[in-house]
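The structure file data_4.cif is reproduced below (mmCIF, N, CA and C atoms).
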```cif
data_final
#
loop_
_atom_site.label_atom_id
_atom_site.label_comp_id
_atom_site.auth_asym_id
_atom_site.auth_seq_id
_atom_site.Cartn_x
_atom_site.Cartn_y
_atom_site.Cartn_z
N MET A 1 119.37 85.43 -6.25
CA MET A 1 119.34 84.02 -5.88
C MET A 1 120.68 83.37 -6.21
N ASP A 2 121.19 82.58 -5.31
CA ASP A 2 122.40 81.85 -5.63
C ASP A 2 122.04 80.39 -5.93
N GLY A 3 123.06 79.62 -6.36
CA GLY A 3 122.82 78.24 -6.77
C GLY A 3 122.29 77.36 -5.66
N ALA A 4 122.65 77.64 -4.42
CA ALA A 4 122.22 76.78 -3.31
C ALA A 4 120.71 76.88 -3.08
N GLU A 5 120.15 78.04 -3.30
CA GLU A 5 118.72 78.21 -3.05
C GLU A 5 117.86 77.52 -4.11
N THR A 6 118.35 77.46 -5.33
CA THR A 6 117.57 76.88 -6.41
C THR A 6 117.82 75.38 -6.57
N GLY A 7 118.83 74.87 -5.88
CA GLY A 7 119.16 73.47 -6.05
C GLY A 7 120.02 73.23 -7.27
N ARG A 8 120.49 74.29 -7.90
CA ARG A 8 121.34 74.19 -9.09
C ARG A 8 122.73 74.72 -8.76
N TYR A 9 123.70 74.20 -9.45
CA TYR A 9 125.06 74.66 -9.27
C TYR A 9 125.42 75.68 -10.35
N THR A 10 126.23 76.65 -9.97
CA THR A 10 126.80 77.53 -10.99
C THR A 10 127.97 76.78 -11.61
N ALA A 11 128.49 77.30 -12.71
CA ALA A 11 129.63 76.65 -13.36
C ALA A 11 130.83 76.62 -12.42
N ASP A 12 131.03 77.68 -11.67
CA ASP A 12 132.16 77.72 -10.74
C ASP A 12 131.99 76.68 -9.63
N GLN A 13 130.80 76.55 -9.10
CA GLN A 13 130.56 75.56 -8.05
C GLN A 13 130.76 74.15 -8.59
N ALA A 14 130.29 73.91 -9.79
CA ALA A 14 130.46 72.58 -10.40
C ALA A 14 131.94 72.27 -10.61
N ALA A 15 132.70 73.26 -11.04
CA ALA A 15 134.13 73.07 -11.26
C ALA A 15 134.84 72.72 -9.96
N VAL A 16 134.43 73.37 -8.88
CA VAL A 16 135.04 73.10 -7.57
C VAL A 16 134.76 71.66 -7.14
N VAL A 17 133.59 71.15 -7.45
CA VAL A 17 133.22 69.79 -7.08
C VAL A 17 133.88 68.77 -8.01
N VAL A 18 133.89 69.04 -9.29
CA VAL A 18 134.33 68.07 -10.28
C VAL A 18 135.86 67.96 -10.37
N THR A 19 136.56 69.05 -10.19
CA THR A 19 138.02 69.04 -10.36
C THR A 19 138.72 68.01 -9.48
N PRO A 20 138.43 67.94 -8.17
CA PRO A 20 139.10 66.90 -7.37
C PRO A 20 138.70 65.49 -7.79
N LEU A 21 137.47 65.33 -8.21
CA LEU A 21 137.02 64.01 -8.66
C LEU A 21 137.80 63.57 -9.90
N VAL A 22 137.96 64.47 -10.85
CA VAL A 22 138.71 64.16 -12.06
C VAL A 22 140.16 63.85 -11.71
N SER A 23 140.72 64.60 -10.78
CA SER A 23 142.10 64.34 -10.36
C SER A 23 142.23 62.95 -9.75
N GLN A 24 141.26 62.56 -8.96
CA GLN A 24 141.28 61.22 -8.35
C GLN A 24 141.16 60.14 -9.41
N ILE A 25 140.36 60.38 -10.42
CA ILE A 25 140.19 59.40 -11.50
C ILE A 25 141.51 59.23 -12.26
N TYR A 26 142.17 60.35 -12.57
CA TYR A 26 143.46 60.27 -13.26
C TYR A 26 144.51 59.56 -12.40
N ALA A 27 144.51 59.83 -11.10
CA ALA A 27 145.46 59.17 -10.20
C ALA A 27 145.20 57.68 -10.15
N ALA A 28 143.93 57.29 -10.08
CA ALA A 28 143.58 55.87 -10.06
C ALA A 28 143.98 55.19 -11.37
N ALA A 29 143.78 55.88 -12.48
CA ALA A 29 144.16 55.32 -13.78
C ALA A 29 145.67 55.11 -13.85
N ALA A 30 146.43 56.05 -13.32
CA ALA A 30 147.89 55.92 -13.31
C ALA A 30 148.30 54.74 -12.43
N GLU A 31 147.65 54.58 -11.30
CA GLU A 31 147.96 53.45 -10.42
C GLU A 31 147.62 52.13 -11.10
N MET A 32 146.49 52.09 -11.80
CA MET A 32 146.11 50.86 -12.51
C MET A 32 147.11 50.54 -13.62
N ALA A 33 147.59 51.56 -14.32
CA ALA A 33 148.59 51.34 -15.37
C ALA A 33 149.87 50.78 -14.76
N GLY A 34 150.26 51.33 -13.62
CA GLY A 34 151.45 50.83 -12.94
C GLY A 34 151.27 49.39 -12.48
N LEU A 35 150.10 49.09 -11.97
CA LEU A 35 149.80 47.72 -11.53
C LEU A 35 149.81 46.77 -12.71
N ALA A 36 149.22 47.18 -13.81
CA ALA A 36 149.20 46.33 -15.00
C ALA A 36 150.62 46.05 -15.50
N GLU A 37 151.46 47.08 -15.48
CA GLU A 37 152.84 46.89 -15.91
C GLU A 37 153.57 45.93 -14.96
N TYR A 38 153.35 46.10 -13.67
CA TYR A 38 153.97 45.23 -12.68
C TYR A 38 153.53 43.77 -12.88
N LEU A 39 152.24 43.57 -13.10
CA LEU A 39 151.73 42.21 -13.31
C LEU A 39 152.27 41.59 -14.59
N LEU A 40 152.44 42.41 -15.62
CA LEU A 40 153.01 41.91 -16.86
C LEU A 40 154.45 41.45 -16.65
N VAL A 41 155.22 42.25 -15.94
CA VAL A 41 156.61 41.87 -15.65
C VAL A 41 156.63 40.61 -14.80
N LEU A 42 155.77 40.55 -13.81
CA LEU A 42 155.69 39.36 -12.95
C LEU A 42 155.35 38.12 -13.77
N GLN A 43 154.41 38.27 -14.67
CA GLN A 43 154.01 37.15 -15.52
C GLN A 43 155.16 36.71 -16.42
N GLU A 44 155.88 37.67 -16.99
CA GLU A 44 157.00 37.33 -17.85
C GLU A 44 158.08 36.59 -17.07
N HIS A 45 158.36 37.01 -15.87
CA HIS A 45 159.36 36.34 -15.04
C HIS A 45 158.89 34.93 -14.63
N GLN A 46 157.62 34.81 -14.36
CA GLN A 46 157.09 33.51 -13.97
C GLN A 46 157.26 32.51 -15.11
N TYR A 47 156.93 32.94 -16.32
CA TYR A 47 157.07 32.04 -17.46
C TYR A 47 158.54 31.76 -17.77
N ALA A 48 159.40 32.72 -17.53
CA ALA A 48 160.83 32.54 -17.77
C ALA A 48 161.42 31.51 -16.79
N ASP A 49 160.86 31.42 -15.59
CA ASP A 49 161.37 30.50 -14.58
C ASP A 49 160.91 29.06 -14.80
N ARG A 50 159.93 28.87 -15.65
CA ARG A 50 159.42 27.51 -15.89
C ARG A 50 160.34 26.77 -16.84
N PRO A 51 160.52 25.49 -16.60
CA PRO A 51 161.38 24.68 -17.51
C PRO A 51 160.70 24.42 -18.84
#
```
Exercise: express the given structure as structure tokens:
Amino acid sequence: MDGAETGRYTADQAAVVVTPLVSQIYAAAAEMAGLAEYLLVLQEHQYADRP
């Protein structure tokens, strides 16, 4: 019996499914960190421009 027949995944099948998902999560986290840094710089410049 393989994992598809029982409705269960083997460890290898789970790894194949989870690995791209984890990669996407790390990529999104990196993008969010970049966005946060950009917004911080923007905020600092905005306050610097005020009299």
| message | I need the residues in chain A that are helix (DSSP H, G or I) according to DSSP; give them as number ranges by chain. | response | A: 3-6, 11-49
| said: Can you measure CA of Ala30 in chain A to CA of Val16 in chain A for me? One decimal in Å is fine. | reply: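 Computing the Euclidean distance for CA of Ala30 in chain A and CA of Val16 in chain A yields 22.2 Å.
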| message | Please report the interatomic distance between atom C of Thr10 in chain A and atom C of Ala29 in chain A in Å with one decimal. | response |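 One can read the atom C of Thr10 in chain A to atom C of Ala29 in chain A distance as 28.1 Å.
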| request: Calculate how many Å separate atom N of Gln13 in chain A from atom N of Glu31 in chain A, rounding to one decimal. | output: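 Separation of atom N of Gln13 in chain A and atom N of Glu31 in chain A: 27.8 Å.
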